[in-house]
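File shown here: target_34.cif, holding mmCIF, C-alpha atoms.
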data_input
#
loop_
_atom_site.label_atom_id
_atom_site.label_comp_id
_atom_site.auth_asym_id
_atom_site.auth_seq_id
_atom_site.Cartn_x
_atom_site.Cartn_y
_atom_site.Cartn_z
CA MET Z 229 1.65 26.17 25.65
CA PRO Z 230 -0.07 22.78 26.21
CA MET Z 231 -3.17 21.95 24.23
CA THR Z 232 -6.44 21.70 26.10
CA ALA Z 233 -7.60 18.11 26.46
CA PRO Z 234 -10.88 17.40 24.66
CA SER Z 235 -13.92 17.32 26.91
CA HIS Z 236 -15.55 14.41 25.09
CA LEU Z 237 -15.47 12.29 21.93
CA ALA Z 238 -18.01 12.91 19.16
CA LEU Z 239 -18.08 10.54 16.19
CA PHE Z 240 -20.35 10.95 13.18
CA ASP Z 241 -21.33 8.55 10.45
CA LEU Z 242 -21.72 10.48 7.20
CA ASP Z 243 -24.24 8.98 4.79
CA HIS Z 244 -27.89 9.45 5.84
CA THR Z 245 -26.52 10.88 9.10
CA LEU Z 246 -24.80 14.22 8.44
CA LEU Z 247 -25.89 14.01 4.81
CA PRO Z 248 -29.51 13.33 3.77
CA PHE Z 249 -28.26 10.84 1.17
CA ASP Z 250 -25.45 8.34 0.54
CA SER Z 251 -22.31 10.03 -0.80
CA ASP Z 252 -20.92 6.78 -2.28
CA TYR Z 253 -24.17 6.06 -4.11
CA GLN Z 254 -24.39 9.65 -5.34
CA TRP Z 255 -20.76 9.59 -6.55
CA ALA Z 256 -21.50 6.51 -8.66
CA GLU Z 257 -24.73 8.12 -9.89
CA PHE Z 258 -22.83 11.32 -10.77
CA LEU Z 259 -20.26 9.35 -12.78
CA ALA Z 260 -23.01 7.42 -14.58
CA ARG Z 261 -25.03 10.57 -15.31
CA THR Z 262 -22.02 12.36 -16.74
CA GLY Z 263 -21.00 9.40 -18.91
CA ARG Z 264 -17.82 8.60 -16.98
CA ALA Z 265 -18.76 5.12 -15.73
CA GLY Z 266 -19.27 3.20 -18.96
CA ASP Z 267 -22.82 2.08 -19.75
CA PRO Z 268 -25.00 4.36 -17.57
CA ALA Z 269 -27.81 1.80 -17.26
CA LEU Z 270 -25.48 -0.98 -16.12
CA ALA Z 271 -23.68 1.31 -13.68
CA ARG Z 272 -26.96 2.44 -12.15
CA GLN Z 273 -28.22 -1.15 -11.88
CA ARG Z 274 -25.09 -2.22 -10.00
CA ASN Z 275 -25.23 0.86 -7.82
CA ASP Z 276 -28.86 0.24 -6.89
CA ASP Z 277 -28.14 -3.42 -6.10
CA LEU Z 278 -25.26 -2.52 -3.80
CA MET Z 279 -27.35 0.07 -1.96
CA ARG Z 280 -30.16 -2.43 -1.47
CA ARG Z 281 -27.78 -5.01 -0.04
CA TYR Z 282 -26.10 -2.43 2.20
CA ASN Z 283 -29.46 -1.47 3.65
CA GLU Z 284 -30.24 -5.15 4.18
CA GLY Z 285 -26.92 -5.64 5.97
CA THR Z 286 -25.80 -8.34 3.52
CA LEU Z 287 -23.05 -6.40 1.73
CA SER Z 288 -19.38 -7.06 2.54
CA ALA Z 289 -16.70 -4.37 2.39
CA GLU Z 290 -14.92 -6.34 -0.32
CA GLU Z 291 -18.01 -6.51 -2.53
CA ALA Z 292 -18.63 -2.80 -2.14
CA ALA Z 293 -14.99 -2.05 -2.94
CA ASP Z 294 -15.08 -4.13 -6.10
CA PHE Z 295 -17.52 -1.63 -7.61
CA MET Z 296 -17.06 1.61 -5.67
CA LEU Z 297 -13.27 1.60 -5.55
CA GLY Z 298 -13.21 0.28 -9.09
CA LEU Z 299 -14.75 3.60 -10.12
CA LEU Z 300 -11.50 5.30 -9.05
CA ARG Z 301 -9.70 3.43 -11.82
CA LEU Z 302 -11.67 5.33 -14.46
CA GLY Z 303 -9.32 8.30 -14.51
CA GLU Z 304 -5.90 9.62 -13.58
CA PRO Z 305 -5.70 11.14 -10.07
CA ALA Z 306 -5.67 14.70 -11.44
CA GLU Z 307 -8.70 13.96 -13.62
CA LEU Z 308 -10.56 12.37 -10.71
CA ALA Z 309 -9.88 15.47 -8.62
CA VAL Z 310 -11.55 17.67 -11.25
CA TRP Z 311 -14.55 15.32 -11.39
CA HIS Z 312 -14.81 15.46 -7.60
CA GLN Z 313 -14.84 19.25 -7.61
CA ASP Z 314 -17.85 19.13 -9.94
CA TYR Z 315 -19.48 16.49 -7.72
CA MET Z 316 -18.99 18.63 -4.62
CA ARG Z 317 -20.50 21.67 -6.31
CA GLU Z 318 -23.46 19.89 -7.92
CA VAL Z 319 -24.33 17.25 -5.32
CA ILE Z 320 -22.66 17.60 -1.93
CA LEU Z 321 -22.70 21.30 -1.10
CA PRO Z 322 -26.48 21.60 -1.61
CA GLY Z 323 -26.84 18.65 0.79
CA LEU Z 324 -24.85 20.18 3.66
CA LEU Z 325 -27.84 21.35 5.65
CA PRO Z 326 -27.93 23.70 8.66
CA ALA Z 327 -29.15 21.00 11.07
CA ALA Z 328 -26.07 18.86 10.42
CA ARG Z 329 -23.69 21.80 10.64
CA ALA Z 330 -25.28 22.89 13.93
CA LEU Z 331 -24.91 19.41 15.44
CA VAL Z 332 -21.19 19.35 14.64
CA THR Z 333 -20.65 22.94 15.76
CA ASP Z 334 -22.32 22.25 19.11
CA HIS Z 335 -19.89 19.44 19.93
CA GLN Z 336 -16.92 21.50 18.76
CA ALA Z 337 -18.01 24.50 20.86
CA ARG Z 338 -18.15 22.25 23.92
CA GLY Z 339 -14.59 21.10 23.37
CA GLY Z 340 -15.30 17.74 21.76
CA LEU Z 341 -12.82 15.76 19.70
CA CYS Z 342 -14.83 15.24 16.51
CA ALA Z 343 -14.37 12.80 13.63
CA VAL Z 344 -16.33 11.49 10.69
CA VAL Z 345 -16.30 7.68 10.73
CA THR Z 346 -17.60 6.33 7.45
CA ALA Z 347 -17.42 3.20 5.33
CA THR Z 348 -17.28 5.32 2.19
CA ASN Z 349 -13.77 5.71 0.82
CA ALA Z 350 -11.50 8.59 1.75
CA PHE Z 351 -11.25 9.94 -1.79
CA VAL Z 352 -14.97 10.65 -1.86
CA THR Z 353 -15.35 11.74 1.76
CA ALA Z 354 -12.24 13.78 2.69
CA PRO Z 355 -13.48 16.98 0.97
CA ILE Z 356 -16.93 16.45 2.50
CA ALA Z 357 -15.55 16.21 6.04
CA LEU Z 358 -13.57 19.41 5.47
CA ALA Z 359 -16.67 21.16 4.12
CA LEU Z 360 -18.42 20.21 7.37
CA GLY Z 361 -15.56 21.75 9.34
CA ILE Z 362 -14.37 18.38 10.71
CA ASP Z 363 -10.61 17.88 10.60
CA HIS Z 364 -10.53 14.17 11.40
CA LEU Z 365 -11.73 11.49 8.99
CA ILE Z 366 -11.78 7.73 9.50
CA ALA Z 367 -12.77 6.19 6.19
CA THR Z 368 -12.04 3.17 4.05
CA VAL Z 369 -8.65 3.82 2.42
CA PRO Z 370 -8.39 3.17 -1.34
CA GLN Z 371 -5.11 1.54 -2.28
CA ARG Z 372 -2.73 3.27 -4.73
CA ASP Z 373 0.04 1.80 -6.84
CA ALA Z 374 3.59 3.14 -7.12
CA ASP Z 375 2.45 5.68 -9.73
CA GLY Z 376 -0.30 7.06 -7.48
CA ARG Z 377 -3.17 5.50 -9.43
CA TYR Z 378 -5.97 3.79 -7.55
CA THR Z 379 -5.94 -0.01 -7.77
CA GLY Z 380 -9.59 -0.63 -6.91
CA ARG Z 381 -8.60 -2.44 -3.70
CA ILE Z 382 -8.76 -1.57 -0.01
CA GLU Z 383 -5.69 -0.51 1.97
CA GLY Z 384 -5.72 -1.94 5.50
CA THR Z 385 -8.86 -2.46 7.58
CA PRO Z 386 -12.06 -1.18 5.97
CA SER Z 387 -14.01 1.30 8.08
CA PHE Z 388 -17.09 -0.91 8.06
CA LYS Z 389 -19.09 -2.67 10.78
CA ALA Z 390 -16.67 -3.88 13.50
CA GLY Z 391 -13.83 -2.38 11.47
CA LYS Z 392 -15.03 1.05 12.52
CA VAL Z 393 -14.29 0.24 16.15
CA LEU Z 394 -10.80 -0.98 15.28
CA ARG Z 395 -10.06 2.06 13.14
CA VAL Z 396 -11.31 4.49 15.83
CA ARG Z 397 -9.16 2.81 18.46
CA ASP Z 398 -6.11 2.94 16.17
CA TRP Z 399 -6.75 6.63 15.44
CA LEU Z 400 -7.03 7.46 19.12
CA GLN Z 401 -3.97 5.40 20.00
CA ALA Z 402 -1.93 7.41 17.49
CA GLN Z 403 -2.83 10.48 19.56
CA GLY Z 404 -1.95 8.80 22.86
CA LEU Z 405 -5.61 8.29 23.69
CA GLN Z 406 -8.14 5.50 24.06
CA MET Z 407 -11.93 5.46 24.16
CA GLU Z 408 -11.92 4.72 27.86
CA ASP Z 409 -10.16 8.05 28.50
CA PHE Z 410 -13.43 9.82 27.71
CA ALA Z 411 -16.12 9.90 30.37
CA GLU Z 412 -18.57 10.69 27.59
CA SER Z 413 -18.52 9.64 23.96
CA TRP Z 414 -21.10 10.00 21.21
CA PHE Z 415 -21.66 8.22 17.93
CA TYR Z 416 -24.37 9.31 15.51
CA SER Z 417 -25.47 6.80 12.87
CA ASP Z 418 -28.47 5.76 10.80
CA SER Z 419 -27.51 2.14 10.15
CA MET Z 420 -27.60 -1.26 11.81
CA ASN Z 421 -24.23 -1.85 10.14
CA ASP Z 422 -22.81 0.54 12.74
CA LEU Z 423 -24.07 -1.39 15.75
CA PRO Z 424 -20.54 -2.34 16.95
CA LEU Z 425 -19.49 1.31 17.28
CA LEU Z 426 -22.86 2.40 18.64
CA GLU Z 427 -22.41 -0.15 21.42
CA ALA Z 428 -18.84 1.03 22.10
CA VAL Z 429 -19.74 4.64 23.10
CA THR Z 430 -21.52 5.99 26.15
CA HIS Z 431 -24.09 7.93 24.10
CA PRO Z 432 -25.28 6.05 21.00
CA VAL Z 433 -27.62 8.21 18.92
CA ALA Z 434 -29.77 6.63 16.22
CA THR Z 435 -29.77 9.48 13.70
CA ASN Z 436 -32.31 9.47 10.86
CA PRO Z 437 -32.39 5.73 11.61
CA SER Z 438 -33.37 2.90 9.35
CA PRO Z 439 -36.53 1.09 10.52
CA ALA Z 440 -34.45 -1.71 12.06
CA LEU Z 441 -32.19 0.67 13.98
CA ARG Z 442 -35.14 2.78 15.11
CA GLU Z 443 -36.81 -0.31 16.57
CA LEU Z 444 -33.62 -1.41 18.31
CA ALA Z 445 -32.97 2.08 19.68
CA GLN Z 446 -36.49 2.29 21.06
CA GLY Z 447 -36.03 -1.07 22.75
CA ARG Z 448 -32.72 -0.07 24.33
CA GLY Z 449 -33.75 3.44 25.28
CA TRP Z 450 -31.20 5.09 23.01
CA ARG Z 451 -31.71 8.65 21.85
CA ILE Z 452 -33.33 8.94 18.42
CA LEU Z 453 -32.51 12.06 16.43
CA ASP Z 454 -34.44 12.82 13.25
CA LEU Z 455 -32.05 15.45 12.00
CA PHE Z 456 -33.83 15.94 8.69
CA ALA Z 457 -37.38 15.40 9.90
CA ASP Z 458 -38.73 18.06 7.58
CA MET Z 459 -37.39 16.24 4.52
CA GLN Z 460 -38.90 13.37 2.60
CA ASP Z 461 -37.20 10.09 3.47
CA THR Z 462 -34.40 9.45 0.95
CA LYS Z 463 -33.44 5.93 1.96
CA SER Z 464 -33.58 3.16 -0.61
#

I need this file expressed as structure tokens, please.
Amino acid sequence: MPMTAPSHLALFDLDHTLLPFDSDYQWAEFLARTGRAGDPALARQRNDDLMRRYNEGTLSAEEAADFMLGLLRLGEPAELAVWHQDYMREVILPGLLPAARALVTDHQARGGLCAVVTATNAFVTAPIALALGIDHLIATVPQRDADGRYTGRIEGTPSFKAGKVLRVRDWLQAQGLQMEDFAESWFYSDSMNDLPLLEAVTHPVATNPSPALRELAQGRGWRILDLFADMQDTKS
């Protein structure tokens, strides 16, 4: 029996979009707080600096990987998996709010092909996407060595800025699809870093947007969605 073709494409950034915080930042904070990232003060200082530069749009994928993917070298894969289970329970699951779940469910109920498209690495984000009920994840891929340990480097094209467009197109192509096959496509994001993908869809949605993205969206007449309007702003 043939599968029903998706009615539309729905892409979601993760951090500050479907989550009210940054999962990469919180992972580093979790490791520092639990004494797994060396000197907690130094780890927090580096984490804060990276977040500031990301919000400013001055952070490269390589610079982010040097610290964030370097954290995956702190333990064996099995040990990291146990740490991540604790992280999901303590940090992520309380942050999966009904408004985000409802947004995803609405697109799925209308037959949309849904994917999380995030710059944060796949180790951190794969369990989060599954917890949101989203089967498809396009994330920065952390490289592994022959023994399965993380190297601290990026595998392939990082899912960051224009790289998100390339990665989405590659993902669709692997399914025999392309973005132009969809009469309607959505991308939800909070960040100016995601401008290339926002401009590539038919329905860009500035979601919990940064001040710069809010201003741009207002100027272009894009939809603005304050998904967590009842929460205090958590952006750095």

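Counting all atoms listed in the file, Z:Leu302 has the following residues at most 9 Å away, ignoring those fewer than 3 positions along the same chain: Arg264, Ala265, Gly298, Leu299 and Leu308 of chain Z.
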
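Near Z:Ala309, within 10 Å and counting only C-alpha atoms, sit Gly303, Tyr315, Phe351 and Val352 of chain Z; same-chain residues fewer than 6 positions away were not included.
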
One-decimal distance in Å that lies between atom CA of Z:Asp363 and atom CA of Z:Ile452: 25.6 Å

Separation of atom CA of Z:Asp422 from atom CA of Z:Trp450 in Å: 14.0 Å

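Atom CA of Z:Val332 sits 8.6 Å away from atom CA of Z:Phe240.
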
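Around Z:Pro268, within 12 Å and counting only C-alpha atoms, the residues found are Z:Ala256, Z:Glu257, Z:Phe258, Z:Leu259, Z:Ala260, Z:Arg261, Z:Thr262, Z:Arg274, Z:Asn275, once anything fewer than 6 positions away on its own chain is removed.
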
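Residues in contact with Z:Pro305 at 10 Å, where all atoms listed in the file are counted and same-chain residues fewer than 3 positions away are skipped, are listed as Leu300, Arg301, Leu302, Leu308, Ala309, Val310, Trp311, Arg372, Asp375, Gly376, Arg377 and Tyr378 of chain Z.
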
Selection result of the PyMOL selection byres ((chain Z and resi 432-440) around 9) on this file, as a PyMOL selection string: chain Z and resi 244-246+248+283+413-420+425-431+441-445+450-457+461+463

Nearby residues (only C-alpha atoms) at most 12 Å from Z:Leu278, same-chain spacing under 5 positions excluded, as JSON, numbers by chain: {"Z": [250, 252, 253, 256, 271, 272, 273, 283, 284, 285, 286, 287, 288, 289, 290, 291, 292, 293, 294, 295, 296, 464]}

Could you dump the residues just selected with C-alpha atoms as a PDB file, in the frame of the given file?
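Saved result, again06.pdb, follows:
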ATOM      1  CA  ASP Z 250     -25.450   8.340   0.540  1.00  0.00           C
ATOM      2  CA  ASP Z 252     -20.920   6.780  -2.280  1.00  0.00           C
ATOM      3  CA  TYR Z 253     -24.170   6.060  -4.110  1.00  0.00           C
ATOM      4  CA  ALA Z 256     -21.500   6.510  -8.660  1.00  0.00           C
ATOM      5  CA  ALA Z 271     -23.680   1.310 -13.680  1.00  0.00           C
ATOM      6  CA  ARG Z 272     -26.960   2.440 -12.150  1.00  0.00           C
ATOM      7  CA  GLN Z 273     -28.220  -1.150 -11.880  1.00  0.00           C
ATOM      8  CA  ASN Z 283     -29.460  -1.470   3.650  1.00  0.00           C
ATOM      9  CA  GLU Z 284     -30.240  -5.150   4.180  1.00  0.00           C
ATOM     10  CA  GLY Z 285     -26.920  -5.640   5.970  1.00  0.00           C
ATOM     11  CA  THR Z 286     -25.800  -8.340   3.520  1.00  0.00           C
ATOM     12  CA  LEU Z 287     -23.050  -6.400   1.730  1.00  0.00           C
ATOM     13  CA  SER Z 288     -19.380  -7.060   2.540  1.00  0.00           C
ATOM     14  CA  ALA Z 289     -16.700  -4.370   2.390  1.00  0.00           C
ATOM     15  CA  GLU Z 290     -14.920  -6.340  -0.320  1.00  0.00           C
ATOM     16  CA  GLU Z 291     -18.010  -6.510  -2.530  1.00  0.00           C
ATOM     17  CA  ALA Z 292     -18.630  -2.800  -2.140  1.00  0.00           C
ATOM     18  CA  ALA Z 293     -14.990  -2.050  -2.940  1.00  0.00           C
ATOM     19  CA  ASP Z 294     -15.080  -4.130  -6.100  1.00  0.00           C
ATOM     20  CA  PHE Z 295     -17.520  -1.630  -7.610  1.00  0.00           C
ATOM     21  CA  MET Z 296     -17.060   1.610  -5.670  1.00  0.00           C
ATOM     22  CA  SER Z 464     -33.580   3.160  -0.610  1.00  0.00           C
TER      23      SER Z 464
END

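Once the PyMOL selection byres ((chain Z and resi 389) around 6) is applied to this file, the selection holds Phe388, Ala390, Gly391, Lys392, Asn421 and Asp422 of chain Z.
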
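Minimum distance to Z:Leu297 across Z:His312, Z:His236, Z:Arg280, Z:Arg381 (counting all atoms listed in the file) occurs at Z:Arg381.
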
Residues returned when the PyMOL selection byres ((chain Z and resi 340) around 12) runs on this file, as a PyMOL selection string: chain Z and resi 232-239+331-339+341-343+362+364+410-414

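In terms of minimum interatomic distance to Z:Arg395, Z:Pro424 ranks closest within Z:Pro424, Z:Gly361, Z:Pro322, Z:Gly263, counting all atoms listed in the file.
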
Hey, could you patch up stretch 358-376 of chain Z with N, CA, C and O atoms and hand it over as a PDB file, in the coordinates of the input?
ATOM      1  N   LEU Z 358     -14.120  18.059   5.363  1.00  0.00           N
ATOM      2  CA  LEU Z 358     -13.570  19.410   5.470  1.00  0.00           C
ATOM      3  C   LEU Z 358     -14.659  20.465   5.276  1.00  0.00           C
ATOM      4  O   LEU Z 358     -14.667  21.493   5.954  1.00  0.00           O
ATOM      5  N   ALA Z 359     -15.582  20.207   4.353  1.00  0.00           N
ATOM      6  CA  ALA Z 359     -16.670  21.160   4.120  1.00  0.00           C
ATOM      7  C   ALA Z 359     -17.588  21.262   5.335  1.00  0.00           C
ATOM      8  O   ALA Z 359     -18.231  22.297   5.551  1.00  0.00           O
ATOM      9  N   LEU Z 360     -17.639  20.205   6.132  1.00  0.00           N
ATOM     10  CA  LEU Z 360     -18.420  20.210   7.370  1.00  0.00           C
ATOM     11  C   LEU Z 360     -17.645  20.828   8.526  1.00  0.00           C
ATOM     12  O   LEU Z 360     -18.179  20.978   9.622  1.00  0.00           O
ATOM     13  N   GLY Z 361     -16.384  21.162   8.288  1.00  0.00           N
ATOM     14  CA  GLY Z 361     -15.560  21.750   9.340  1.00  0.00           C
ATOM     15  C   GLY Z 361     -14.981  20.728  10.297  1.00  0.00           C
ATOM     16  O   GLY Z 361     -14.584  21.078  11.411  1.00  0.00           O
ATOM     17  N   ILE Z 362     -14.901  19.458   9.874  1.00  0.00           N
ATOM     18  CA  ILE Z 362     -14.370  18.380  10.710  1.00  0.00           C
ATOM     19  C   ILE Z 362     -12.995  17.986  10.186  1.00  0.00           C
ATOM     20  O   ILE Z 362     -12.855  17.563   9.038  1.00  0.00           O
ATOM     21  N   ASP Z 363     -11.985  18.117  11.030  1.00  0.00           N
ATOM     22  CA  ASP Z 363     -10.610  17.880  10.600  1.00  0.00           C
ATOM     23  C   ASP Z 363     -10.240  16.399  10.523  1.00  0.00           C
ATOM     24  O   ASP Z 363      -9.312  16.027   9.804  1.00  0.00           O
ATOM     25  N   HIS Z 364     -10.921  15.573  11.292  1.00  0.00           N
ATOM     26  CA  HIS Z 364     -10.530  14.170  11.400  1.00  0.00           C
ATOM     27  C   HIS Z 364     -11.503  13.284  10.618  1.00  0.00           C
ATOM     28  O   HIS Z 364     -12.725  13.389  10.772  1.00  0.00           O
ATOM     29  N   LEU Z 365     -10.936  12.402   9.808  1.00  0.00           N
ATOM     30  CA  LEU Z 365     -11.730  11.490   8.990  1.00  0.00           C
ATOM     31  C   LEU Z 365     -11.202  10.077   9.151  1.00  0.00           C
ATOM     32  O   LEU Z 365     -10.006   9.822   8.994  1.00  0.00           O
ATOM     33  N   ILE Z 366     -12.090   9.154   9.478  1.00  0.00           N
ATOM     34  CA  ILE Z 366     -11.780   7.730   9.500  1.00  0.00           C
ATOM     35  C   ILE Z 366     -12.660   7.095   8.439  1.00  0.00           C
ATOM     36  O   ILE Z 366     -13.885   7.010   8.591  1.00  0.00           O
ATOM     37  N   ALA Z 367     -12.039   6.702   7.339  1.00  0.00           N
ATOM     38  CA  ALA Z 367     -12.770   6.190   6.190  1.00  0.00           C
ATOM     39  C   ALA Z 367     -12.034   5.001   5.608  1.00  0.00           C
ATOM     40  O   ALA Z 367     -10.866   4.753   5.925  1.00  0.00           O
ATOM     41  N   THR Z 368     -12.705   4.245   4.764  1.00  0.00           N
ATOM     42  CA  THR Z 368     -12.040   3.170   4.050  1.00  0.00           C
ATOM     43  C   THR Z 368     -10.985   3.783   3.122  1.00  0.00           C
ATOM     44  O   THR Z 368     -11.264   4.728   2.390  1.00  0.00           O
ATOM     45  N   VAL Z 369      -9.773   3.251   3.172  1.00  0.00           N
ATOM     46  CA  VAL Z 369      -8.650   3.820   2.420  1.00  0.00           C
ATOM     47  C   VAL Z 369      -8.489   3.097   1.093  1.00  0.00           C
ATOM     48  O   VAL Z 369      -8.263   1.882   1.071  1.00  0.00           O
ATOM     49  N   PRO Z 370      -8.610   3.803  -0.035  1.00  0.00           N
ATOM     50  CA  PRO Z 370      -8.390   3.170  -1.340  1.00  0.00           C
ATOM     51  C   PRO Z 370      -6.891   3.011  -1.616  1.00  0.00           C
ATOM     52  O   PRO Z 370      -6.127   3.962  -1.459  1.00  0.00           O
ATOM     53  N   GLN Z 371      -6.526   1.825  -2.011  1.00  0.00           N
ATOM     54  CA  GLN Z 371      -5.110   1.540  -2.280  1.00  0.00           C
ATOM     55  C   GLN Z 371      -4.641   2.243  -3.553  1.00  0.00           C
ATOM     56  O   GLN Z 371      -5.395   2.373  -4.514  1.00  0.00           O
ATOM     57  N   ARG Z 372      -3.357   2.674  -3.546  1.00  0.00           N
ATOM     58  CA  ARG Z 372      -2.730   3.270  -4.730  1.00  0.00           C
ATOM     59  C   ARG Z 372      -1.514   2.456  -5.107  1.00  0.00           C
ATOM     60  O   ARG Z 372      -0.866   1.841  -4.249  1.00  0.00           O
ATOM     61  N   ASP Z 373      -1.177   2.483  -6.392  1.00  0.00           N
ATOM     62  CA  ASP Z 373       0.040   1.800  -6.840  1.00  0.00           C
ATOM     63  C   ASP Z 373       1.222   2.775  -6.767  1.00  0.00           C
ATOM     64  O   ASP Z 373       1.086   3.913  -6.301  1.00  0.00           O
ATOM     65  N   ALA Z 374       2.379   2.329  -7.222  1.00  0.00           N
ATOM     66  CA  ALA Z 374       3.590   3.140  -7.120  1.00  0.00           C
ATOM     67  C   ALA Z 374       3.496   4.441  -7.909  1.00  0.00           C
ATOM     68  O   ALA Z 374       4.201   5.410  -7.605  1.00  0.00           O
ATOM     69  N   ASP Z 375       2.627   4.479  -8.915  1.00  0.00           N
ATOM     70  CA  ASP Z 375       2.450   5.680  -9.730  1.00  0.00           C
ATOM     71  C   ASP Z 375       1.356   6.598  -9.204  1.00  0.00           C
ATOM     72  O   ASP Z 375       1.048   7.627  -9.829  1.00  0.00           O
ATOM     73  N   GLY Z 376       0.738   6.229  -8.075  1.00  0.00           N
ATOM     74  CA  GLY Z 376      -0.300   7.060  -7.480  1.00  0.00           C
ATOM     75  C   GLY Z 376      -1.693   6.801  -7.998  1.00  0.00           C
ATOM     76  O   GLY Z 376      -2.640   7.465  -7.577  1.00  0.00           O
TER      77      GLY Z 376
END
